[in-house]
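Let me begin by presenting the structure, written as structure tokens, before commenting on it.
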Amino acid sequence: MSTATHVHEEHHEGPASGLTRWLFTTNHKDIGTLYLLFSLLMFFIGGTMALVIRAELFEPGLQIVEPYFFNQMTTMHALIMIFGAVMPAFVGLANWLLPMMIGAPDMALPRMNNWSFWILPFAFTLLLSTLFMQGGGPAGGWTMYPPLVLQMGAAFPFVIFSVHLMGMSSIMGAINVIATILNMRAPGMNLLKMPLFVWTWLITAFLLIAVMPVLAGAVTMLLTDKFFGTSFFNAAGGGDPVMFQHIFWFFGHPEVYIMILPAFGVVSQIIPTFARKPLFGYSSMVYATASIAFLSFIVWAHHMFTVGMPLGGELFFMYATMLIAVPTGVKVFNWVSTMWKGSMTFETPMLFAIAFVILFTIGGFSGLMLAMTPADFQYQDTYFVVAHFHYVLVPGAVFSIMAAVYYWLPKWTGHMYDEKLGKIHFWLSVIGVNLLFFPMHFLGLAGMPRRIPDYALQFTGFNEIATYGAFLFGFSQLLFVYIVFKTIRGGQKATSQVWEGAEGLEWTLSSPPPYHSFETAPVVK
Amino acid sequence: MTEDSIKQANKRLLVRLLIVVVAMFGFGFALVPVYSVFCKITGLNGKTSNEVAKDTSGPIDDKRIVTVEFLASLNESAPWEFHPEIAKLKVHPGEFYHIAYYAKNLTDQPLVGQAIPSVAPGLAASHFQKIECFCFSKQDFKPGEGRDMPVTFRIDTALPAEITTVTLSYTFFKLNEVAHQD
């Protein structure tokens, strides 16, 4: 830990050089960069798996891969995108931005911060290595339902332990976020003056420490059922496989808000900047975020309407689920009202943010359709569900991450990105993503099941369109990588404020900001 | 706040949040008995009691007829022949009936089996009472042995009026590998 002590003793030093800088770093900016680059790598690995899936589904019949390998692709794609791409990207943004936004020198617990990042490469090496094991990787779906998941081959304990590691990393990251926000704010920065990104991350962090341990418990029960003769989910020993679904979705539903609340925060930062108006309804945004987080704990069984619940249960979970549309609607209307009569300009971050609002809302509407119990019996396990959650996660969460990168990249690197290339990247992405996911709504309504490598002939047309869209979207992301690395290496110098309408403490720092953000705390009036 | 007092506060918060994490890990496991008790009380999931019914008195409602269907299935193609002696029976609520399931060990090894009952619709589960059932205990089979296994049951008179058909289903599990039983 020589670097850490070195930095601690001489506060004004810059970063150490060489590989050990990254290995031993306790600096929030270095760790933020590591998280973001790691999630970019995982985004491409998970994306390659998605392209294998789409290539196989380009036409009916089996062409490219064996069904068993196809199932491994769908399962691994989900695990990698959720735990490897989206969640670490938001933790990376939190690391970079929270101290700068609240006027702190660094995160509250810097060594734990280092640890929470460096667990991740081990977790995902473990997970990816299962693809080369006897019996292959996990193939029973990322939800790991028993008894199917217990039939996995040699990979089983490796998958479980990698989930444990991912959980530990998330929990440590979340504790760090809470401690930073609650203890490290600059004088005068009271809770209701915090930027919305800080608020959404505070609430997300509480969700994380509440539900990641429940997931860890659920997969531990799977482990002991398989190897130590317990019968948590084994009917022969008095257990119940449906109980796993209840426990899993008690984690799983808050988890989807873990992946979207920080996105709400990002969009709430970007839209006021480019509309040149303060955010409409700041406190209603905070309360809406908190109500969404609360409701997320009492709706889990809407993922399992078809397991055979009594009518009262189905009605309760249907109504509770639909209630979530209210605070979410408050947010969408607030974003629209912020833009209303603003002097809007459409730089790349704003384009991604507006696309987020529109396309996320489409995903929200299909979610409402799925929330209706009688309709859900038809949609259950079809491509309609796939269309729904990809609309909220790709043009939802992923677009917000890209918007955030374009928005803060000049601040992070001190260079402006290439606006023209950024716009090309946006239009390729937004066209690609809609070609990819919109036809899936029709496929699902017509009855095409998910997680199957083959399909009936009448689904061919829409599947072809989706596959074209997938390759367009996937390959346009190479342009994103090019733009990011080009900006890191050089470009037009960015001013401190970067954007004309930008407000907040991070824009008072130089671009790039000093290695330690606020050595003396700013005073917020 | 000074740097030291911030460090103190961070440490205190860290410990508190870690306690929450440990508590939530425990909560995940606590959900197991909570769900079991919840299902037993409400009869959700078709979970029916695997114990001898205690109160066997009560009136017989001979005006009402309920059809009871009997199902048998094997878990993961366990090596038994397994079926009920009759497919369905019309019963009066409150009266006891006696039927049998037949099981035969199809291997040349001794086998231990356990039948797990389930009642559909779930709301009927708590009204289905058994005073004798092969599902109350493990069943030992010698190589090639086949025998009838009895069930004595009744449906109590409080069964909701809209239910006219009740299905009793047994799944037979091979127990030899299940080391531990609830």
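By convention in this document, the chains of the structure tokens carry letters A, B, ... by their order, each chain's residues are numbered from 1, and ligands are numbered from 1 in the order they are shown.
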Members of region 243-365 of chain A assigned helix (DSSP H, G or I) by DSSP, as a PyMOL selection string
chain A and resi 243-258+261-275+282-298+300-307+311-323+325-339+348-365
Up to 8 Å from chain B, what residues of chain A turn up? Count only C-alpha atoms and give them as a ChimeraX atom specification.
/A:108-109,171,175,179,183-184,209-211,213-218,229-232,235-239,243,247,308-310
Figure out the distance between CA of Met339 (chain A) and CA of Pro272 (chain A), please, to one decimal in Å.
7.3 Å
Within 9 Å of region 77-92 of chain B, counting only C-alpha atoms, which residues qualify if same-chain residues fewer than 5 places away don't, as a PyMOL selection string?
chain B and resi 60-72+97+99-107+111+146+148+154-157+167+172-174
Run DSSP on the backbone and grab whatever in chain B lands in strand (DSSP E or B); send it over as a VMD selection string.
chain B and resid 66 to 74 80 to 84 88 to 91 97 to 105 111 to 120 128 to 133 139 to 141 146 to 155 165 to 174
Name the closest residue to His302 (chain A) among the candidates A:Val405, A:Ala375, A:Met259, A:Ile160; distances are taken between atoms, counting only C-alpha atoms.
A:Ala375
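One finds CA of Asn27 (chain A) at 25.3 Å from CA of Lys193 (chain A).
Residues in contact with His98 (chain B) at 8 Å, where only C-alpha atoms are counted and same-chain residues fewer than 4 positions away are skipped, are listed as Pro150, Val151, Thr152 and Phe153 of chain B.
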Mind checking which residues fall within 9 Å of Leu23 (chain A), counting only C-alpha atoms, ignoring those fewer than 4 positions away in the same chain, and posting them as an mmCIF file with N, CA, C and O atoms, in the first residue's frame?
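The new file selection10.cif reads:
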```
data_model
loop_
_atom_site.group_PDB
_atom_site.id
_atom_site.type_symbol
_atom_site.label_atom_id
_atom_site.label_comp_id
_atom_site.auth_asym_id
_atom_site.auth_seq_id
_atom_site.Cartn_x
_atom_site.Cartn_y
_atom_site.Cartn_z
ATOM 1 N N LEU A 19 1.621 0.789 -13.195
ATOM 2 C CA LEU A 19 0.483 -0.086 -12.952
ATOM 3 C C LEU A 19 0.019 -0.018 -11.493
ATOM 4 O O LEU A 19 -1.171 -0.110 -11.208
ATOM 5 N N ASN A 114 -11.267 0.878 -3.047
ATOM 6 C CA ASN A 114 -10.328 0.118 -3.863
ATOM 7 C C ASN A 114 -10.730 -1.355 -3.890
ATOM 8 O O ASN A 114 -10.799 -1.983 -4.943
ATOM 9 N N TRP A 118 -11.715 -3.933 -7.020
ATOM 10 C CA TRP A 118 -10.823 -5.009 -7.458
ATOM 11 C C TRP A 118 -11.383 -6.405 -7.224
ATOM 12 O O TRP A 118 -10.827 -7.394 -7.713
#
```
With only C-alpha atoms as the counted atoms, please give the residues lying no more than 12 Å from Val398 (chain A), apart from itself and same-chain residues fewer than 6 positions off, as a PDB file with N, CA and C atoms, in the first residue's frame.
```
ATOM      1  N   SER A  39     -16.709  -1.612 -16.936  1.00  0.00           N
ATOM      2  CA  SER A  39     -18.081  -1.828 -17.401  1.00  0.00           C
ATOM      3  C   SER A  39     -18.149  -1.728 -18.924  1.00  0.00           C
ATOM      4  N   LEU A  40     -17.280  -0.896 -19.524  1.00  0.00           N
ATOM      5  CA  LEU A  40     -17.250  -0.828 -20.992  1.00  0.00           C
ATOM      6  C   LEU A  40     -16.815  -2.167 -21.569  1.00  0.00           C
ATOM      7  N   PHE A  43     -19.586  -4.559 -21.217  1.00  0.00           N
ATOM      8  CA  PHE A  43     -20.640  -4.207 -22.169  1.00  0.00           C
ATOM      9  C   PHE A  43     -20.349  -4.860 -23.530  1.00  0.00           C
ATOM     10  N   MET A  81     -24.449  -8.273 -18.328  1.00  0.00           N
ATOM     11  CA  MET A  81     -24.960  -6.925 -18.550  1.00  0.00           C
ATOM     12  C   MET A  81     -25.460  -6.299 -17.252  1.00  0.00           C
ATOM     13  N   ILE A  82     -26.147  -7.085 -16.405  1.00  0.00           N
ATOM     14  CA  ILE A  82     -26.701  -6.529 -15.168  1.00  0.00           C
ATOM     15  C   ILE A  82     -25.590  -6.235 -14.167  1.00  0.00           C
ATOM     16  N   ALA A  85     -21.993  -4.722 -16.465  1.00  0.00           N
ATOM     17  CA  ALA A  85     -22.000  -3.500 -17.277  1.00  0.00           C
ATOM     18  C   ALA A  85     -22.778  -2.374 -16.592  1.00  0.00           C
ATOM     19  N   VAL A  86     -24.073  -2.560 -16.350  1.00  0.00           N
ATOM     20  CA  VAL A  86     -24.894  -1.438 -15.889  1.00  0.00           C
ATOM     21  C   VAL A  86     -24.540  -1.028 -14.456  1.00  0.00           C
ATOM     22  N   MET A  87     -24.512  -2.001 -13.534  1.00  0.00           N
ATOM     23  CA  MET A  87     -24.261  -1.621 -12.133  1.00  0.00           C
ATOM     24  C   MET A  87     -22.878  -1.001 -11.938  1.00  0.00           C
ATOM     25  N   PRO A  88     -21.785  -1.605 -12.434  1.00  0.00           N
ATOM     26  CA  PRO A  88     -20.477  -0.950 -12.258  1.00  0.00           C
ATOM     27  C   PRO A  88     -20.392   0.408 -12.949  1.00  0.00           C
ATOM     28  N   ALA A  89     -21.092   0.588 -14.071  1.00  0.00           N
ATOM     29  CA  ALA A  89     -21.035   1.895 -14.732  1.00  0.00           C
ATOM     30  C   ALA A  89     -21.609   2.963 -13.815  1.00  0.00           C
ATOM     31  N   PHE A  90     -22.721   2.668 -13.159  1.00  0.00           N
ATOM     32  CA  PHE A  90     -23.310   3.660 -12.254  1.00  0.00           C
ATOM     33  C   PHE A  90     -22.422   3.876 -11.023  1.00  0.00           C
ATOM     34  N   MET A 259     -30.964  -0.299 -10.984  1.00  0.00           N
ATOM     35  CA  MET A 259     -30.391  -0.018 -12.304  1.00  0.00           C
ATOM     36  C   MET A 259     -31.013   1.202 -12.980  1.00  0.00           C
ATOM     37  N   ILE A 260     -32.118   1.737 -12.448  1.00  0.00           N
ATOM     38  CA  ILE A 260     -32.740   2.854 -13.158  1.00  0.00           C
ATOM     39  C   ILE A 260     -32.742   4.145 -12.342  1.00  0.00           C
ATOM     40  N   PRO A 262     -30.332   5.712 -10.570  1.00  0.00           N
ATOM     41  CA  PRO A 262     -29.226   6.623 -10.918  1.00  0.00           C
ATOM     42  C   PRO A 262     -29.397   7.214 -12.318  1.00  0.00           C
ATOM     43  N   ALA A 263     -30.045   6.461 -13.214  1.00  0.00           N
ATOM     44  CA  ALA A 263     -30.302   6.990 -14.563  1.00  0.00           C
ATOM     45  C   ALA A 263     -31.233   8.195 -14.466  1.00  0.00           C
ATOM     46  N   PHE A 264     -32.255   8.097 -13.589  1.00  0.00           N
ATOM     47  CA  PHE A 264     -33.135   9.253 -13.371  1.00  0.00           C
ATOM     48  C   PHE A 264     -32.312  10.449 -12.909  1.00  0.00           C
ATOM     49  N   VAL A 266     -29.093  11.103 -13.468  1.00  0.00           N
ATOM     50  CA  VAL A 266     -28.282  11.642 -14.570  1.00  0.00           C
ATOM     51  C   VAL A 266     -29.130  12.547 -15.460  1.00  0.00           C
ATOM     52  N   VAL A 267     -30.303  12.045 -15.839  1.00  0.00           N
ATOM     53  CA  VAL A 267     -31.161  12.811 -16.747  1.00  0.00           C
ATOM     54  C   VAL A 267     -31.628  14.103 -16.082  1.00  0.00           C
ATOM     55  N   PHE A 352     -29.232  12.222 -25.998  1.00  0.00           N
ATOM     56  CA  PHE A 352     -29.399  10.945 -25.292  1.00  0.00           C
ATOM     57  C   PHE A 352     -30.417  11.085 -24.161  1.00  0.00           C
ATOM     58  N   ALA A 353     -30.422  12.222 -23.467  1.00  0.00           N
ATOM     59  CA  ALA A 353     -31.350  12.392 -22.350  1.00  0.00           C
ATOM     60  C   ALA A 353     -32.800  12.444 -22.841  1.00  0.00           C
ATOM     61  N   ALA A 355     -33.911  11.136 -25.664  1.00  0.00           N
ATOM     62  CA  ALA A 355     -34.244   9.770 -26.115  1.00  0.00           C
ATOM     63  C   ALA A 355     -34.565   8.905 -24.909  1.00  0.00           C
ATOM     64  N   PHE A 356     -33.828   9.115 -23.818  1.00  0.00           N
ATOM     65  CA  PHE A 356     -34.108   8.364 -22.587  1.00  0.00           C
ATOM     66  C   PHE A 356     -35.543   8.596 -22.154  1.00  0.00           C
ATOM     67  N   LEU A 359     -38.020   6.902 -24.769  1.00  0.00           N
ATOM     68  CA  LEU A 359     -37.960   5.444 -24.920  1.00  0.00           C
ATOM     69  C   LEU A 359     -38.162   4.743 -23.580  1.00  0.00           C
ATOM     70  N   PHE A 360     -37.684   5.344 -22.493  1.00  0.00           N
ATOM     71  CA  PHE A 360     -37.951   4.751 -21.186  1.00  0.00           C
ATOM     72  C   PHE A 360     -39.452   4.738 -20.918  1.00  0.00           C
ATOM     73  N   HIS A 390     -35.836  -4.704 -22.128  1.00  0.00           N
ATOM     74  CA  HIS A 390     -34.743  -4.096 -22.882  1.00  0.00           C
ATOM     75  C   HIS A 390     -35.015  -2.620 -23.158  1.00  0.00           C
ATOM     76  N   TYR A 391     -36.281  -2.249 -23.330  1.00  0.00           N
ATOM     77  CA  TYR A 391     -36.568  -0.818 -23.513  1.00  0.00           C
ATOM     78  C   TYR A 391     -36.201  -0.012 -22.278  1.00  0.00           C
ATOM     79  N   VAL A 392     -36.438  -0.552 -21.082  1.00  0.00           N
ATOM     80  CA  VAL A 392     -36.083   0.225 -19.897  1.00  0.00           C
ATOM     81  C   VAL A 392     -34.599   0.129 -19.579  1.00  0.00           C
ATOM     82  N   ALA A 404     -24.376  10.563 -19.671  1.00  0.00           N
ATOM     83  CA  ALA A 404     -23.515  11.023 -18.586  1.00  0.00           C
ATOM     84  C   ALA A 404     -22.069  11.122 -19.047  1.00  0.00           C
ATOM     85  N   VAL A 405     -21.619  10.114 -19.805  1.00  0.00           N
ATOM     86  CA  VAL A 405     -20.228  10.142 -20.271  1.00  0.00           C
ATOM     87  C   VAL A 405     -20.003  11.352 -21.174  1.00  0.00           C
ATOM     88  N   SER A 429     -27.226   4.841 -32.774  1.00  0.00           N
ATOM     89  CA  SER A 429     -27.694   4.063 -31.617  1.00  0.00           C
ATOM     90  C   SER A 429     -29.204   4.078 -31.515  1.00  0.00           C
ATOM     91  N   VAL A 430     -29.793   5.262 -31.702  1.00  0.00           N
ATOM     92  CA  VAL A 430     -31.234   5.348 -31.451  1.00  0.00           C
ATOM     93  C   VAL A 430     -32.011   4.614 -32.549  1.00  0.00           C
ATOM     94  N   VAL A 433     -31.335   0.765 -31.842  1.00  0.00           N
ATOM     95  CA  VAL A 433     -31.995   0.209 -30.672  1.00  0.00           C
ATOM     96  C   VAL A 433     -33.491   0.003 -30.929  1.00  0.00           C
ATOM     97  N   GLN A 477     -21.389   1.018 -31.311  1.00  0.00           N
ATOM     98  CA  GLN A 477     -20.739   1.301 -30.027  1.00  0.00           C
ATOM     99  C   GLN A 477     -19.220   1.356 -30.166  1.00  0.00           C
TER     100      GLN A 477
END
```
